[in-house]
Amino acid sequence: MPSLLNNFLGRLTSHAWPVVILELLLIGVVVYAVLEFLRGTRGARLMKGTALFLIIAYAVVVLGGKALPRLDFLLSRLLLFASFAVVVVFQPELRRALTRLGEARLFHLGRFTSHRLIDGLCQSADYCSRHRIGALIAVEREVGLGGLAEHGVVINAEVSAELLNTIFWPGSMLHDMGVVIREGRIAAAGVQFPLAEGPETGGELGARHRAALGLSQETDALVIIVSEETGAISVAERGRLLRNLSLDRLVVLLDAALRRPEIVSRHRRDA
């Protein structure tokens with residue numbers, strides 16, 4: 001064992017320490033970004049298990065050195081096979097990452113926010129909550145929702161509680177789907193949102209809540225949900241669901257998310 005440890009330390013000292021530290025920092029940043037992106041999805045635990053296995057296997061090969069040539073050979077072939085397996089296993093997460101990358105704005109010109117937008121959203125949520133009307137509203141932020149909105153019914157109208165209430169009225173043909181808000185306007189209605197995947201989609205969640213979670217997992221949109229069964233108001237953001245919000249709390253949360261996103265985490269912790 002001491003010889004194996006000396007062999008390992010000898011390999012480390014053969015490289016320049018500044019280069020080793022820089023490489024470790026870069027690897028740490030990449031791993032943290034991947035884990036943060038996968039948080040709340042079914043791939044998070046799989047990623048942790050895979051990383052633990054690779055760390056142990058690599059440590060065994062490094063410590064073994066030339067004494068374990070067959071294991072070194074098998075590990076190299078395993079990594080080649082794993083590169084193909086990752087595409088299959090993490091297909092939903094890869095699709096989500098490519099969607100964010102493809103629709104993210106390279107030059108951010110400022111987030112459109114106004115009291116009129118927030119007031120319209122809150123008044124509509126309050127009306128739908130009091131009358132037990134189901135509602136699903138996605139507010140675009142950094143990641144564009146244009147590709148999603150074009151599959152719905154294009155409206156392109158200013159946000160108003162009256163228009164939103166009309167869309168979600170049970171007699172409307174569009175009330176079962178979602179509404180997309182882009183640049184302070186109602187871009188489209190009757191939009192089908194992707195359903196959530198992962199352990200957080202418990203059996204108690206209905207179709208609207210699963211759709212809200214699914215969209216929040218794939219984009220950074222803020223999604224407002226009103227339950228048709230209970231009238232409860234919820235908000236989905238980055239794969240997390242804040243449930244049973246009061247109207248006052250909804251106002252504070254929307255103002256924080258659309259105007260001061262840096263304090264959203266504080267409201268999430270208080271929920």
# chains A, B, ... in the order shown; residues from 1 in each chain; ligands from 1
>>> closest_atom_pairs(of="segment 139-238 of chain A", to="segment 120-134 of chain A", cutoff="12 Å", atoms="only C-alpha atoms", output="JSON lines")
{"residue": "A:Val139", "atom": "CA", "partner": "A:Leu121", "partner_atom": "CA", "distance": 9.7}
{"residue": "A:Glu158", "atom": "CA", "partner": "A:Gly120", "partner_atom": "CA", "distance": 9.6}
{"residue": "A:Val159", "atom": "CA", "partner": "A:Gly120", "partner_atom": "CA", "distance": 6.2}
{"residue": "A:Ser160", "atom": "CA", "partner": "A:Gly120", "partner_atom": "CA", "distance": 4.9}
{"residue": "A:Ala161", "atom": "CA", "partner": "A:Ser124", "partner_atom": "CA", "distance": 4.6}
{"residue": "A:Glu162", "atom": "CA", "partner": "A:Ser124", "partner_atom": "CA", "distance": 7.3}
{"residue": "A:Leu163", "atom": "CA", "partner": "A:Ser124", "partner_atom": "CA", "distance": 8.8}
{"residue": "A:Leu164", "atom": "CA", "partner": "A:Ser124", "partner_atom": "CA", "distance": 6.3}
{"residue": "A:Asn165", "atom": "CA", "partner": "A:Ser124", "partner_atom": "CA", "distance": 6.0}
{"residue": "A:Thr166", "atom": "CA", "partner": "A:Ser124", "partner_atom": "CA", "distance": 9.7}
{"residue": "A:Ile167", "atom": "CA", "partner": "A:Gly134", "partner_atom": "CA", "distance": 10.5}
{"residue": "A:Phe168", "atom": "CA", "partner": "A:Gly134", "partner_atom": "CA", "distance": 6.7}
{"residue": "A:Trp169", "atom": "CA", "partner": "A:Ile133", "partner_atom": "CA", "distance": 6.8}
{"residue": "A:Pro170", "atom": "CA", "partner": "A:Ile133", "partner_atom": "CA", "distance": 7.1}
{"residue": "A:Gly171", "atom": "CA", "partner": "A:Ile133", "partner_atom": "CA", "distance": 10.7}
{"residue": "A:Ser172", "atom": "CA", "partner": "A:Ile133", "partner_atom": "CA", "distance": 11.4}
{"residue": "A:Leu174", "atom": "CA", "partner": "A:Gly134", "partner_atom": "CA", "distance": 11.2}
{"residue": "A:His175", "atom": "CA", "partner": "A:Gly134", "partner_atom": "CA", "distance": 7.5}
{"residue": "A:Asp176", "atom": "CA", "partner": "A:Gly134", "partner_atom": "CA", "distance": 7.6}
{"residue": "A:Met177", "atom": "CA", "partner": "A:Gly134", "partner_atom": "CA", "distance": 9.6}
{"residue": "A:Gly178", "atom": "CA", "partner": "A:Gly134", "partner_atom": "CA", "distance": 10.0}
{"residue": "A:Val179", "atom": "CA", "partner": "A:Leu121", "partner_atom": "CA", "distance": 11.2}
{"residue": "A:Val180", "atom": "CA", "partner": "A:Leu121", "partner_atom": "CA", "distance": 11.8}
{"residue": "A:Ile181", "atom": "CA", "partner": "A:Leu121", "partner_atom": "CA", "distance": 10.0}
{"residue": "A:Gly184", "atom": "CA", "partner": "A:Gly120", "partner_atom": "CA", "distance": 10.4}
{"residue": "A:Arg185", "atom": "CA", "partner": "A:Gly120", "partner_atom": "CA", "distance": 10.8}
{"residue": "A:Ile186", "atom": "CA", "partner": "A:Leu121", "partner_atom": "CA", "distance": 10.8}
{"residue": "A:Gly206", "atom": "CA", "partner": "A:Gly134", "partner_atom": "CA", "distance": 10.7}
{"residue": "A:Ala207", "atom": "CA", "partner": "A:Gly134", "partner_atom": "CA", "distance": 10.5}
{"residue": "A:Arg208", "atom": "CA", "partner": "A:Gly134", "partner_atom": "CA", "distance": 8.1}
{"residue": "A:His209", "atom": "CA", "partner": "A:Gly134", "partner_atom": "CA", "distance": 10.4}
{"residue": "A:Leu222", "atom": "CA", "partner": "A:Leu121", "partner_atom": "CA", "distance": 11.6}
{"residue": "A:Val223", "atom": "CA", "partner": "A:Leu121", "partner_atom": "CA", "distance": 10.8}
{"residue": "A:Ile224", "atom": "CA", "partner": "A:Ala125", "partner_atom": "CA", "distance": 8.0}
{"residue": "A:Ile225", "atom": "CA", "partner": "A:Gly134", "partner_atom": "CA", "distance": 7.5}
{"residue": "A:Val226", "atom": "CA", "partner": "A:Gly134", "partner_atom": "CA", "distance": 5.2}
{"residue": "A:Ser227", "atom": "CA", "partner": "A:Gly134", "partner_atom": "CA", "distance": 5.1}
{"residue": "A:Glu228", "atom": "CA", "partner": "A:Gly134", "partner_atom": "CA", "distance": 4.0}
{"residue": "A:Glu229", "atom": "CA", "partner": "A:Arg132", "partner_atom": "CA", "distance": 6.5}
{"residue": "A:Thr230", "atom": "CA", "partner": "A:Arg132", "partner_atom": "CA", "distance": 6.5}
{"residue": "A:Gly231", "atom": "CA", "partner": "A:Ser129", "partner_atom": "CA", "distance": 4.2}
{"residue": "A:Ala232", "atom": "CA", "partner": "A:Ser129", "partner_atom": "CA", "distance": 6.2}
{"residue": "A:Ile233", "atom": "CA", "partner": "A:Ser129", "partner_atom": "CA", "distance": 6.8}
{"residue": "A:Ser234", "atom": "CA", "partner": "A:Ala125", "partner_atom": "CA", "distance": 9.6}
{"residue": "A:Val235", "atom": "CA", "partner": "A:Ala125", "partner_atom": "CA", "distance": 10.9}
>>> atom_distance(atom1="atom CA of Asp255 of chain A", atom2="atom CA of His115 of chain A")
8.7 Å
>>> atom_distance(atom1="atom CA of Glu204 of chain A", atom2="atom CA of Ala236 of chain A")
15.6 Å
>>> closest_residue(among="A:Leu24, A:Leu136, A:Ala189, A:Met173", to="Gly152 of chain A", atoms="only C-alpha atoms")
A:Ala189
>>> select_by_dssp(residues="segment 145-189 of chain A", states="strand (DSSP E or B)", output="list in words")
Val153, Val154, Ile155, Asn156, Ala157, Glu158, Gly178, Val179, Val180, Ile181, Arg182, Arg185, Ile186, Ala187, Ala188 and Ala189 of chain A
>>> write_last_selection(atoms="C-alpha atoms", output="compact mmCIF listing (two decimals), in the first residue's frame")
# COMPACT_ATOMS: atom_id res chain seq x y z
CA VAL A 153 -53.34 30.57 -30.80
CA VAL A 154 -51.57 33.87 -31.45
CA ILE A 155 -53.18 36.78 -29.61
CA ASN A 156 -50.53 39.55 -29.30
CA ALA A 157 -52.57 41.74 -26.95
CA GLU A 158 -51.81 43.80 -23.88
CA GLY A 178 -51.55 27.71 -21.05
CA VAL A 179 -50.99 31.36 -21.84
CA VAL A 180 -47.56 32.78 -22.75
CA ILE A 181 -46.61 36.34 -21.77
CA ARG A 182 -43.79 37.84 -23.84
CA ARG A 185 -48.00 41.16 -23.85
CA ILE A 186 -50.16 38.07 -24.16
CA ALA A 187 -48.33 36.37 -27.03
CA ALA A 188 -50.46 33.22 -27.35
CA ALA A 189 -53.09 31.12 -25.63
>>> atom_distance(atom1="atom CA of Thr219 of chain A", atom2="atom CA of Phe84 of chain A")
25.6 Å
